[in-house]
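model23.txt follows; it contains compact mmCIF, C-alpha atoms and all ligand atoms.
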```
# COMPACT_ATOMS: atom_id res chain seq x y z
CA MET L 14 -10.17 37.89 -13.41
CA SER L 15 -11.10 34.27 -14.07
CA THR L 16 -8.59 31.60 -13.02
CA GLU L 17 -10.31 28.95 -15.17
CA PRO L 18 -8.64 27.41 -18.24
CA PHE L 19 -11.74 28.48 -20.19
CA SER L 20 -13.49 31.85 -20.50
CA LEU L 21 -16.79 32.58 -18.81
CA ASN L 22 -18.09 33.46 -22.24
CA SER L 23 -17.39 29.98 -23.57
CA LEU L 24 -19.15 28.50 -20.52
CA LYS L 25 -22.15 30.71 -21.23
CA GLU L 26 -22.29 29.65 -24.89
CA ALA L 27 -21.86 25.97 -23.97
CA THR L 28 -24.61 26.31 -21.36
CA GLU L 29 -27.08 27.46 -24.02
CA LEU L 30 -26.09 24.63 -26.37
CA PHE L 31 -26.39 21.99 -23.64
CA GLN L 32 -29.80 23.35 -22.66
CA LYS L 33 -31.01 23.06 -26.26
CA HIS L 34 -29.57 19.58 -26.78
CA PHE L 35 -30.37 17.90 -23.46
CA GLY L 36 -33.46 19.77 -22.20
CA LYS L 37 -34.43 18.23 -18.86
CA GLU L 38 -31.36 15.99 -18.87
CA VAL L 39 -29.00 18.81 -17.94
CA LEU L 40 -28.78 21.03 -14.86
CA PHE L 41 -26.78 24.20 -14.32
CA HIS L 42 -25.08 25.40 -11.11
CA GLU L 43 -26.50 22.26 -9.55
CA PRO L 44 -25.32 21.56 -5.97
CA LEU L 45 -23.54 18.23 -6.20
CA LYS L 46 -24.38 17.42 -2.59
CA ASN L 47 -27.78 16.41 -3.97
CA HIS L 48 -26.12 13.74 -6.13
CA LEU L 49 -23.36 12.32 -3.94
CA ALA L 50 -23.45 9.80 -1.11
CA TYR L 51 -21.46 12.08 1.21
CA ARG L 52 -24.14 14.80 0.93
CA VAL L 53 -21.48 17.48 0.59
CA GLY L 54 -20.09 19.32 -2.43
CA GLY L 55 -20.58 22.63 -4.23
CA PRO L 56 -22.22 23.24 -7.63
CA ALA L 57 -21.39 21.77 -11.03
CA ASP L 58 -21.36 24.41 -13.79
CA ILE L 59 -23.02 21.88 -16.11
CA LEU L 60 -24.35 18.53 -14.82
CA VAL L 61 -25.45 16.35 -17.72
CA PHE L 62 -27.17 12.96 -17.78
CA PRO L 63 -26.25 11.19 -21.04
CA ARG L 64 -28.24 8.15 -22.20
CA ASN L 65 -25.92 6.55 -24.73
CA GLU L 66 -22.60 6.69 -26.56
CA ALA L 67 -23.95 9.21 -29.08
CA ASP L 68 -24.58 11.59 -26.15
CA LEU L 69 -21.00 11.04 -24.97
CA HIS L 70 -19.72 11.92 -28.45
CA TRP L 71 -21.76 15.10 -28.47
CA ILE L 72 -20.51 16.07 -25.00
CA SER L 73 -16.85 15.43 -25.82
CA THR L 74 -17.15 17.46 -29.05
CA GLN L 75 -18.53 20.46 -27.16
CA ALA L 76 -15.95 20.04 -24.40
CA LYS L 77 -13.21 20.26 -27.01
CA ALA L 78 -14.81 23.19 -28.84
CA TYR L 79 -15.27 25.24 -25.65
CA GLN L 80 -12.18 23.88 -23.86
CA LEU L 81 -14.24 22.74 -20.89
CA PRO L 82 -12.91 19.98 -18.60
CA ILE L 83 -15.01 16.81 -18.18
CA THR L 84 -15.52 15.06 -14.83
CA VAL L 85 -17.47 11.80 -14.48
CA ILE L 86 -19.50 10.83 -11.43
CA GLY L 87 -21.43 7.67 -10.61
CA ARG L 88 -23.46 7.58 -7.40
CA GLY L 89 -20.61 9.40 -5.70
CA THR L 90 -20.04 6.73 -3.06
CA ASN L 91 -16.32 7.40 -3.06
CA LEU L 92 -16.21 11.08 -3.99
CA LEU L 93 -15.53 14.13 -1.90
CA VAL L 94 -16.35 17.24 -3.91
CA LYS L 95 -15.03 20.50 -2.50
CA ASP L 96 -17.40 23.29 -1.48
CA GLY L 97 -16.49 25.37 -4.56
CA GLY L 98 -17.90 22.66 -6.82
CA ILE L 99 -16.75 21.41 -10.22
CA ARG L 100 -15.98 23.69 -13.17
CA GLY L 101 -16.91 22.77 -16.71
CA ILE L 102 -18.91 19.64 -17.54
CA THR L 103 -19.83 16.97 -15.00
CA VAL L 104 -21.18 13.78 -16.57
CA SER L 105 -23.45 11.71 -14.34
CA LEU L 106 -23.88 7.99 -14.98
CA GLU L 107 -27.10 8.00 -12.98
CA LYS L 108 -29.38 7.48 -16.00
CA ALA L 109 -27.15 5.74 -18.54
CA PHE L 110 -25.79 2.30 -19.35
CA LYS L 111 -28.11 0.28 -17.12
CA GLU L 112 -28.15 -3.02 -19.03
CA ILE L 113 -27.12 -6.42 -17.70
CA ASP L 114 -26.87 -9.11 -20.41
CA LEU L 115 -25.95 -12.73 -19.95
CA ILE L 116 -23.73 -13.43 -22.98
CA SER L 117 -22.85 -17.07 -22.36
CA LYS L 118 -23.34 -19.76 -19.73
CA GLU L 119 -21.87 -23.27 -19.62
CA GLU L 120 -23.50 -25.32 -16.87
CA MET L 121 -20.20 -26.84 -15.72
CA GLY L 122 -17.98 -23.95 -16.75
CA THR L 123 -18.15 -20.21 -16.77
CA ALA L 124 -20.72 -17.50 -17.46
CA ARG L 125 -19.99 -14.17 -19.08
CA VAL L 126 -22.09 -11.14 -18.38
CA ARG L 127 -21.97 -7.70 -19.99
CA VAL L 128 -22.76 -4.94 -17.49
CA GLY L 129 -23.36 -1.25 -18.20
CA SER L 130 -21.28 1.21 -16.18
CA GLY L 131 -24.40 2.84 -14.72
CA VAL L 132 -25.65 -0.42 -13.16
CA GLY L 133 -25.51 -0.32 -9.35
CA LYS L 134 -23.16 -2.78 -7.67
CA PRO L 135 -25.99 -3.97 -5.36
CA GLU L 136 -28.32 -4.42 -8.37
CA LEU L 137 -25.72 -6.51 -10.21
CA LEU L 138 -25.16 -8.65 -7.12
CA GLY L 139 -28.94 -9.13 -6.74
CA TRP L 140 -29.18 -10.16 -10.40
CA ALA L 141 -26.30 -12.66 -9.99
CA ILE L 142 -28.04 -14.20 -6.96
CA ASP L 143 -31.28 -14.57 -8.97
CA GLN L 144 -29.37 -16.22 -11.81
CA GLY L 145 -27.44 -18.52 -9.45
CA LEU L 146 -24.08 -17.10 -10.54
CA THR L 147 -21.13 -16.99 -8.18
CA GLY L 148 -18.10 -14.64 -8.25
CA LEU L 149 -19.55 -11.32 -7.08
CA GLU L 150 -19.96 -12.18 -3.39
CA PHE L 151 -16.86 -10.10 -2.59
CA SER L 152 -18.91 -7.00 -3.45
CA SER L 153 -21.63 -7.67 -0.86
CA GLY L 154 -22.64 -4.40 0.76
CA VAL L 155 -20.41 -2.27 -1.51
CA PRO L 156 -22.42 0.70 -2.84
CA GLY L 157 -22.13 2.73 -6.07
CA THR L 158 -22.04 2.01 -9.79
CA ILE L 159 -20.03 -0.56 -11.69
CA GLY L 160 -18.30 2.28 -13.60
CA GLY L 161 -17.09 3.74 -10.30
CA GLY L 162 -16.13 0.25 -9.13
CA ILE L 163 -13.89 -0.25 -12.15
CA TYR L 164 -12.38 3.23 -11.86
CA MET L 165 -11.44 2.51 -8.22
CA ASN L 166 -10.90 -1.19 -8.73
CA ALA L 167 -13.21 -1.34 -5.71
CA GLY L 168 -13.16 -4.39 -3.53
CA THR L 169 -12.94 -5.94 -0.12
CA LYS L 170 -10.77 -8.56 1.54
CA TYR L 171 -12.72 -11.11 -0.54
CA GLY L 172 -11.73 -9.75 -3.94
CA CYS L 173 -12.06 -6.85 -6.36
CA TYR L 174 -13.64 -6.12 -9.77
CA GLY L 175 -10.27 -6.48 -11.55
CA ASP L 176 -10.30 -10.18 -10.54
CA ILE L 177 -13.40 -11.04 -12.59
CA LEU L 178 -13.00 -8.53 -15.42
CA LYS L 179 -12.50 -9.87 -18.96
CA GLU L 180 -13.27 -6.97 -21.30
CA LEU L 181 -14.13 -3.33 -21.06
CA ARG L 182 -15.46 -0.68 -23.39
CA ILE L 183 -14.01 2.72 -22.73
CA PHE L 184 -15.08 6.08 -24.08
CA SER L 185 -12.13 8.44 -24.24
CA PHE L 186 -12.79 12.16 -23.71
CA SER L 187 -10.97 12.70 -27.00
CA GLY L 188 -14.17 11.27 -28.55
CA GLU L 189 -13.32 7.65 -29.31
CA ALA L 190 -14.92 4.46 -27.95
CA LYS L 191 -12.92 1.21 -27.96
CA THR L 192 -13.21 -2.29 -26.50
CA TYR L 193 -10.17 -3.70 -24.71
CA SER L 194 -9.29 -6.96 -23.02
CA ARG L 195 -8.45 -6.99 -19.30
CA GLU L 196 -4.89 -8.17 -20.03
CA GLN L 197 -4.05 -4.83 -21.62
CA PHE L 198 -4.10 -3.11 -18.23
CA HIS L 199 -2.84 -3.33 -14.68
CA PHE L 200 -5.41 -3.72 -11.88
CA GLY L 201 -3.98 -3.52 -8.34
CA TYR L 202 -5.16 -2.59 -4.83
CA ARG L 203 -7.57 0.32 -5.50
CA GLU L 204 -5.74 1.25 -8.69
CA GLN L 205 -5.91 0.54 -12.42
CA THR L 206 -4.45 1.86 -15.66
CA ALA L 207 -7.49 1.41 -17.95
CA VAL L 208 -9.66 4.44 -17.20
CA VAL L 209 -7.65 7.64 -17.64
CA ASP L 210 -9.23 10.78 -19.17
CA SER L 211 -12.02 8.46 -20.17
CA MET L 212 -15.04 6.63 -18.80
CA VAL L 213 -16.30 3.08 -18.75
CA VAL L 214 -19.29 2.29 -21.00
CA TRP L 215 -19.64 -1.39 -20.17
CA VAL L 216 -17.59 -4.33 -18.93
CA VAL L 217 -17.68 -8.09 -19.31
CA PHE L 218 -17.28 -10.09 -16.09
CA GLU L 219 -16.63 -13.82 -15.84
CA LEU L 220 -18.73 -15.60 -13.21
CA LYS L 221 -19.57 -19.27 -12.58
CA PRO L 222 -22.84 -21.14 -12.19
CA GLY L 223 -23.23 -21.91 -8.47
CA ASP L 224 -25.70 -22.87 -5.79
CA LYS L 225 -28.21 -20.07 -5.31
CA THR L 226 -28.82 -20.77 -1.62
CA ALA L 227 -25.11 -20.93 -0.85
CA ILE L 228 -24.45 -17.67 -2.71
CA GLN L 229 -27.29 -15.92 -0.86
CA LYS L 230 -25.99 -17.23 2.47
CA GLU L 231 -22.46 -15.96 1.84
CA VAL L 232 -23.77 -12.53 0.73
CA SER L 233 -25.88 -12.24 3.92
CA ARG L 234 -22.89 -13.26 6.05
CA ILE L 235 -20.65 -10.57 4.52
CA VAL L 236 -23.38 -7.91 4.79
CA GLU L 237 -23.80 -8.76 8.50
CA GLU L 238 -20.03 -8.62 9.03
CA ARG L 239 -19.98 -5.18 7.43
CA LYS L 240 -22.87 -3.91 9.57
CA GLU L 241 -21.04 -5.08 12.67
CA LYS L 242 -17.76 -3.34 11.85
CA GLN L 243 -18.75 -0.28 9.83
CA PRO L 244 -20.82 2.81 10.66
CA LEU L 245 -23.49 2.70 7.97
CA HIS L 246 -26.08 5.07 9.46
CA PHE L 247 -24.46 8.38 8.51
CA PRO L 248 -23.33 9.49 5.04
CA SER L 249 -19.66 8.66 4.43
CA CYS L 250 -17.41 7.50 1.64
CA GLY L 251 -16.49 4.24 3.29
CA SER L 252 -12.78 3.90 3.92
CA THR L 253 -11.13 7.32 3.76
CA PHE L 254 -7.56 6.04 3.39
CA LYS L 255 -6.03 3.05 1.65
CA ASN L 256 -4.44 0.51 3.95
CA PRO L 257 -0.70 1.23 3.78
CA GLU L 258 1.30 -1.92 3.03
CA GLY L 259 1.57 -3.96 6.22
CA PHE L 260 -0.79 -1.69 8.20
CA SER L 261 -4.47 -1.11 8.75
CA ALA L 262 -5.41 2.57 8.35
CA GLY L 263 -8.30 2.17 10.82
CA ARG L 264 -6.05 0.70 13.50
CA LEU L 265 -3.39 3.42 13.07
CA ILE L 266 -6.00 6.18 13.34
CA GLU L 267 -7.51 4.57 16.44
CA LYS L 268 -4.06 4.16 18.04
CA ALA L 269 -3.34 7.83 17.35
CA GLY L 270 -6.36 8.56 19.58
CA LEU L 271 -8.42 10.17 16.85
CA LYS L 272 -11.70 8.26 17.11
CA GLY L 273 -14.57 10.71 17.66
CA LEU L 274 -12.52 13.76 16.59
CA ARG L 275 -14.80 16.45 15.11
CA VAL L 276 -14.48 19.40 12.80
CA GLY L 277 -17.82 21.14 12.21
CA GLY L 278 -20.29 18.50 11.07
CA ALA L 279 -17.59 15.93 10.23
CA GLN L 280 -16.48 13.26 12.68
CA VAL L 281 -14.04 10.35 12.77
CA SER L 282 -16.30 7.40 13.45
CA GLU L 283 -16.17 5.85 16.92
CA LYS L 284 -17.01 2.49 15.35
CA HIS L 285 -14.41 2.35 12.54
CA ALA L 286 -11.68 5.00 12.59
CA ASN L 287 -11.10 4.93 8.80
CA PHE L 288 -14.62 6.30 8.24
CA ILE L 289 -15.22 10.06 8.39
CA LEU L 290 -18.93 10.70 8.83
CA ASN L 291 -21.08 13.59 7.73
CA THR L 292 -23.17 13.85 10.89
CA GLY L 293 -25.66 16.17 9.19
CA ASP L 294 -24.30 19.51 8.16
CA ALA L 295 -20.66 18.87 7.30
CA LYS L 296 -18.94 20.98 4.68
CA ALA L 297 -16.31 19.47 2.43
CA SER L 298 -13.81 21.77 4.16
CA ASP L 299 -14.62 20.13 7.53
CA ILE L 300 -13.87 16.68 6.11
CA LEU L 301 -10.72 17.90 4.37
CA GLU L 302 -9.47 19.43 7.61
CA LEU L 303 -10.01 16.12 9.41
CA ILE L 304 -8.18 14.28 6.60
CA GLU L 305 -5.16 16.60 6.98
CA THR L 306 -5.15 16.29 10.79
CA ILE L 307 -5.32 12.49 10.60
CA LYS L 308 -2.48 12.33 8.06
CA GLN L 309 -0.32 14.60 10.18
CA ARG L 310 -0.96 12.80 13.48
CA VAL L 311 -0.46 9.31 12.01
CA LYS L 312 2.79 10.48 10.38
CA GLU L 313 4.03 11.96 13.68
CA GLU L 314 3.09 8.90 15.76
CA PHE L 315 3.98 6.05 13.41
CA GLN L 316 6.02 7.56 10.54
CA VAL L 317 3.43 6.16 8.12
CA THR L 318 2.06 8.25 5.27
CA LEU L 319 -1.65 7.69 4.69
CA GLU L 320 -2.92 8.00 1.14
CA CYS L 321 -6.55 8.88 0.47
CA GLU L 322 -8.78 6.22 -0.98
CA VAL L 323 -11.60 8.71 -1.33
CA ILE L 324 -11.30 10.73 -4.54
CA ILE L 325 -11.22 14.47 -3.98
CA LEU L 326 -12.59 16.63 -6.78
CA GLY L 327 -13.37 20.25 -7.44
CA SER L 328 -12.14 23.61 -6.32
N1 LIG L 401 -9.36 -1.70 13.21
C1 LIG L 401 -9.06 -1.03 14.38
N2 LIG L 401 -9.75 0.13 14.65
C2 LIG L 401 -10.68 0.63 13.80
C3 LIG L 401 -10.97 -0.06 12.61
C4 LIG L 401 -10.29 -1.23 12.33
O1 LIG L 401 -8.22 -1.43 15.15
O2 LIG L 401 -11.27 1.68 14.13
C5 LIG L 401 -8.65 -2.96 12.92
C6 LIG L 401 -9.62 -4.14 12.92
O3 LIG L 401 -9.80 -4.64 14.21
C7 LIG L 401 -8.95 -5.12 12.00
C8 LIG L 401 -8.19 -4.25 11.01
O4 LIG L 401 -8.13 -2.93 11.60
O5 LIG L 401 -8.03 -5.91 12.71
C9 LIG L 401 -8.86 -4.17 9.65
O6 LIG L 401 -10.18 -3.63 9.78
P1 LIG L 401 -11.43 -4.14 8.91
O7 LIG L 401 -11.55 -5.62 9.00
O8 LIG L 401 -12.59 -3.32 9.29
O9 LIG L 401 -11.03 -3.86 7.42
P2 LIG L 401 -10.36 -2.58 6.74
O10 LIG L 401 -8.99 -2.99 6.29
O11 LIG L 401 -10.46 -1.38 7.60
C10 LIG L 401 -11.08 -3.09 4.27
C11 LIG L 401 -11.57 -2.21 3.17
C12 LIG L 401 -13.09 -2.02 3.29
C13 LIG L 401 -13.77 -3.38 3.29
C14 LIG L 401 -13.22 -4.20 4.47
C15 LIG L 401 -13.79 -5.62 4.56
C16 LIG L 401 -9.72 -0.72 2.68
C17 LIG L 401 -9.13 0.66 2.86
N3 LIG L 401 -10.91 -0.93 3.26
O12 LIG L 401 -11.31 -2.36 5.50
O13 LIG L 401 -13.51 -1.33 2.15
O14 LIG L 401 -15.17 -3.23 3.44
O15 LIG L 401 -11.78 -4.32 4.32
O16 LIG L 401 -13.42 -6.37 3.47
O17 LIG L 401 -9.13 -1.54 1.98
C18 LIG L 401 -14.06 0.79 1.28
O18 LIG L 401 -13.26 0.55 0.40
O19 LIG L 401 -14.68 1.88 1.34
C19 LIG L 401 -14.28 -0.20 2.30
C20 LIG L 401 -15.14 -0.01 3.26
```

Could you write out this structure as structure tokens?
Amino acid sequence: MSTEPFSLNSLKEATELFQKHFGKEVLFHEPLKNHLAYRVGGPADILVFPRNEADLHWISTQAKAYQLPITVIGRGTNLLVKDGGIRGITVSLEKAFKEIDLISKEEMGTARVRVGSGVGKPELLGWAIDQGLTGLEFSSGVPGTIGGGIYMNAGTKYGCYGDILKELRIFSFSGEAKTYSREQFHFGYREQTAVVDSMVVWVVFELKPGDKTAIQKEVSRIVEERKEKQPLHFPSCGSTFKNPEGFSAGRLIEKAGLKGLRVGGAQVSEKHANFILNTGDAKASDILELIETIKQRVKEEFQVTLECEVIILGS
């Protein structure tokens, strides 16, 4: 008996419709490990690559008609998909919403830029350097898409996307697209209230004209700092846990003696204890087991509850 909220028959009918509508832009039973930075994760029933808002409307209409859940992925730099994969429709931002448009620029004031949710964070930063615009240096070395960055309110000790956000266009899975101002939502440490049962289409950021050489220098400095502290040679999702208030997750994990701990192909990094690496053939279940062990040991040793920063999806 199926435990899904939808029938296998409706999935089969939807599969045929998606095939007809999207052709090469849709894949079925596609292993998500091929699409995610962690290189783990089971299959998506339907993995679709929309190009525009009209595609999103079509997808949300079919999702409603066939009662299929929708999940959105960017480049998967902060996603851990379980080995059973994702049921229903998975929407990839890989091929959509790639535009960067300078809307306004006052030489002595501010510059506003509209950025599609499928634009890579590194690409946007590179563009800002070329344009001599300052304000994105905090994101130096941070991977993934802007859509994912907004969803996570991604950031570093130098800032986060919520700090420079002015407007955002959101497509709700109920089928409606609307533009909102930043003030309508809360953006905190790795959390926000704007993107819920919905996805980002584009955002407007406020930057400032600056000195190109100085911006480039600061970006290089932060990238070097990151290389020195973080293990970047194996697939990972960056920080696994949020820093609990007043603590550093990495330091707690190290003090609990967990650096180097292994389950299957997954390992707590020796370089930075808040990184769990896929050393080659990790399964999601290996990583999940390490996450549980770390939480338990840190709780026992320090009475601190660690909360995942990495987003866990699937079944
Ligand atoms: N530390 C240890 N042992 C470790 C790792 C860190 O003792 O194994 C100590 C460090 O010595 C330092 C403190 O913990 O005193 C903080 O470490 P670090 O400077 O590396 O920063 P972090 O708090 O671990 C945060 C973000 C990173 C971001 C860096 C730099 C979180 C959960 N992580 O890391 O973001 O790159 O600051 O700005 O907020 C990410 O989100 O995926 C990410 C990598």

So which residues are near ligand LIG 401 (chain L), meaning at most 6 Å away with only C-alpha atoms and all ligand atoms counted, given back as a short mmCIF file (atom, residue, chain, number, x, y, z; two decimals) with C-alpha atoms, in the coordinates of the input?
```cif
data_model
loop_
_atom_site.label_atom_id
_atom_site.label_comp_id
_atom_site.auth_asym_id
_atom_site.auth_seq_id
_atom_site.Cartn_x
_atom_site.Cartn_y
_atom_site.Cartn_z
CA THR L 169 -12.94 -5.94 -0.12
CA LYS L 170 -10.77 -8.56 1.54
CA LYS L 242 -17.76 -3.34 11.85
CA GLY L 251 -16.49 4.24 3.29
CA SER L 252 -12.78 3.90 3.92
CA PHE L 254 -7.56 6.04 3.39
CA LYS L 255 -6.03 3.05 1.65
CA ASN L 256 -4.44 0.51 3.95
CA SER L 261 -4.47 -1.11 8.75
CA GLY L 263 -8.30 2.17 10.82
CA ARG L 264 -6.05 0.70 13.50
CA GLU L 267 -7.51 4.57 16.44
CA LYS L 284 -17.01 2.49 15.35
CA HIS L 285 -14.41 2.35 12.54
CA ALA L 286 -11.68 5.00 12.59
#
```

For the contact check between segment 41-137 of chain L and segment 145-167 of chain L, emit one row per residue of segment 41-137 of chain L within 6 Å, containing the shortest atom pair and the distance in Å rounded to one decimal, counting only C-alpha atoms, chain then rising number order, as a tab-separated table.
```
residue	atom	partner	partner_atom	distance
L:Gly87	CA	L:Thr158	CA	5.8
L:Arg88	CA	L:Gly157	CA	5.2
L:Thr90	CA	L:Gly157	CA	5.4
L:Ser130	CA	L:Gly160	CA	4.1
L:Gly131	CA	L:Thr158	CA	5.5
L:Val132	CA	L:Thr158	CA	5.5
L:Gly133	CA	L:Thr158	CA	4.2
L:Lys134	CA	L:Thr158	CA	5.4
```

Practice item. Using all atoms listed in the file, find all polymer residues with an atom at most 12 Å away from the point (-18.3, 18.1, 11.5); report them as a count of residues only. Key: 30

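Each of L:Ala124, L:Leu60, L:Leu93, L:Leu24 was compared to Gly327 of chain L using only C-alpha atoms, and L:Leu93 turns out to be the nearest.
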
Study note, to complete from the structure: A straight line from atom CA of Glu219 of chain L to atom CA of Pro135 of chain L spans 17.2 Å

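Of the listed residues L:Leu30, L:Leu181, L:Leu220, L:Val104, the one whose atoms come nearest to Ala78 of chain L is L:Leu30, with distances taken using all atoms listed in the file.
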
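For the point (-19.7, 22.4, -27.8) in file coordinates, the residues within 12 Å, using only C-alpha atoms, are L:Ser23, L:Leu24, L:Lys25, L:Glu26, L:Ala27, L:Thr28, L:Glu29, L:Leu30, L:Phe31, L:Gln32, L:Lys33, L:His34, L:Asp68, L:Leu69, L:His70, L:Trp71, L:Ile72, L:Ser73, L:Thr74, L:Gln75, L:Ala76, L:Lys77, L:Ala78, L:Tyr79, L:Gln80, L:Leu81, L:Pro82, L:Gly101, L:Ile102.
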
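The two atoms in question, atom CA of Met121 of chain L and atom CA of Lys225 of chain L, are spaced 14.8 Å apart.
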
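Between atom CA of Asp114 of chain L and atom CA of Asn65 of chain L the interatomic distance comes to 16.3 Å.
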
Around all of segment 255-274 of chain L's listed atoms, make the axis-aligned box with 8 Å on each side and tell me centre and edge lengths in Å to one decimal, as JSON.
```
{"center_x": -6.5, "center_y": 4.9, "center_z": 10.6, "size_x": 32.1, "size_y": 33.7, "size_z": 33.9}
```

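Nearest residue to Gln316 of chain L among L:Ile116, L:Val217, L:Leu271, L:Leu265 is L:Leu265, counting all atoms listed in the file.
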
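Considering all atoms listed in the file, the residue among L:Ser185, L:Gln243, L:Thr253, L:Thr306 positioned nearest to Glu320 of chain L is L:Thr253.
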
Any chance you could export segment 63-79 of chain L with N, CA and C atoms, as an mmCIF file, in the first residue's frame?
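Below you can see out.cif, which holds the result:
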```cif
data_model
loop_
_atom_site.group_PDB
_atom_site.id
_atom_site.type_symbol
_atom_site.label_atom_id
_atom_site.label_comp_id
_atom_site.auth_asym_id
_atom_site.auth_seq_id
_atom_site.Cartn_x
_atom_site.Cartn_y
_atom_site.Cartn_z
ATOM 1 N N PRO L 63 12.110 24.591 -14.986
ATOM 2 C CA PRO L 63 11.318 25.664 -15.589
ATOM 3 C C PRO L 63 12.227 26.764 -16.117
ATOM 4 N N ARG L 64 11.665 27.569 -17.058
ATOM 5 C CA ARG L 64 12.446 28.671 -17.635
ATOM 6 C C ARG L 64 11.896 30.030 -17.227
ATOM 7 N N ASN L 65 10.623 30.065 -16.841
ATOM 8 C CA ASN L 65 9.993 31.364 -16.586
ATOM 9 C C ASN L 65 8.777 31.205 -15.666
ATOM 10 N N GLU L 66 8.141 32.332 -15.383
ATOM 11 C CA GLU L 66 6.991 32.292 -14.472
ATOM 12 C C GLU L 66 5.828 31.504 -15.057
ATOM 13 N N ALA L 67 5.672 31.547 -16.377
ATOM 14 C CA ALA L 67 4.575 30.787 -17.009
ATOM 15 C C ALA L 67 4.762 29.293 -16.714
ATOM 16 N N ASP L 68 6.007 28.828 -16.775
ATOM 17 C CA ASP L 68 6.292 27.419 -16.440
ATOM 18 C C ASP L 68 5.909 27.129 -14.987
ATOM 19 N N LEU L 69 6.206 28.085 -14.107
ATOM 20 C CA LEU L 69 5.875 27.868 -12.686
ATOM 21 C C LEU L 69 4.364 27.762 -12.504
ATOM 22 N N HIS L 70 3.616 28.598 -13.244
ATOM 23 C CA HIS L 70 2.148 28.524 -13.183
ATOM 24 C C HIS L 70 1.665 27.153 -13.621
ATOM 25 N N TRP L 71 2.229 26.694 -14.725
ATOM 26 C CA TRP L 71 1.815 25.384 -15.262
ATOM 27 C C TRP L 71 2.112 24.293 -14.231
ATOM 28 N N ILE L 72 3.293 24.341 -13.644
ATOM 29 C CA ILE L 72 3.684 23.310 -12.664
ATOM 30 C C ILE L 72 2.752 23.340 -11.444
ATOM 31 N N SER L 73 2.464 24.550 -10.949
ATOM 32 C CA SER L 73 1.642 24.619 -9.728
ATOM 33 C C SER L 73 0.213 24.160 -10.025
ATOM 34 N N THR L 74 -0.271 24.412 -11.243
ATOM 35 C CA THR L 74 -1.621 23.948 -11.616
ATOM 36 C C THR L 74 -1.668 22.421 -11.608
ATOM 37 N N GLN L 75 -0.659 21.798 -12.189
ATOM 38 C CA GLN L 75 -0.642 20.319 -12.231
ATOM 39 C C GLN L 75 -0.452 19.750 -10.825
ATOM 40 N N ALA L 76 0.371 20.423 -10.023
ATOM 41 C CA ALA L 76 0.602 19.941 -8.652
ATOM 42 C C ALA L 76 -0.719 19.904 -7.890
ATOM 43 N N LYS L 77 -1.513 20.967 -8.094
ATOM 44 C CA LYS L 77 -2.812 21.033 -7.416
ATOM 45 C C LYS L 77 -3.730 19.930 -7.937
ATOM 46 N N ALA L 78 -3.794 19.825 -9.282
ATOM 47 C CA ALA L 78 -4.714 18.858 -9.900
ATOM 48 C C ALA L 78 -4.398 17.426 -9.459
ATOM 49 N N TYR L 79 -3.105 17.108 -9.363
ATOM 50 C CA TYR L 79 -2.726 15.715 -9.038
ATOM 51 C C TYR L 79 -2.306 15.551 -7.578
#
```
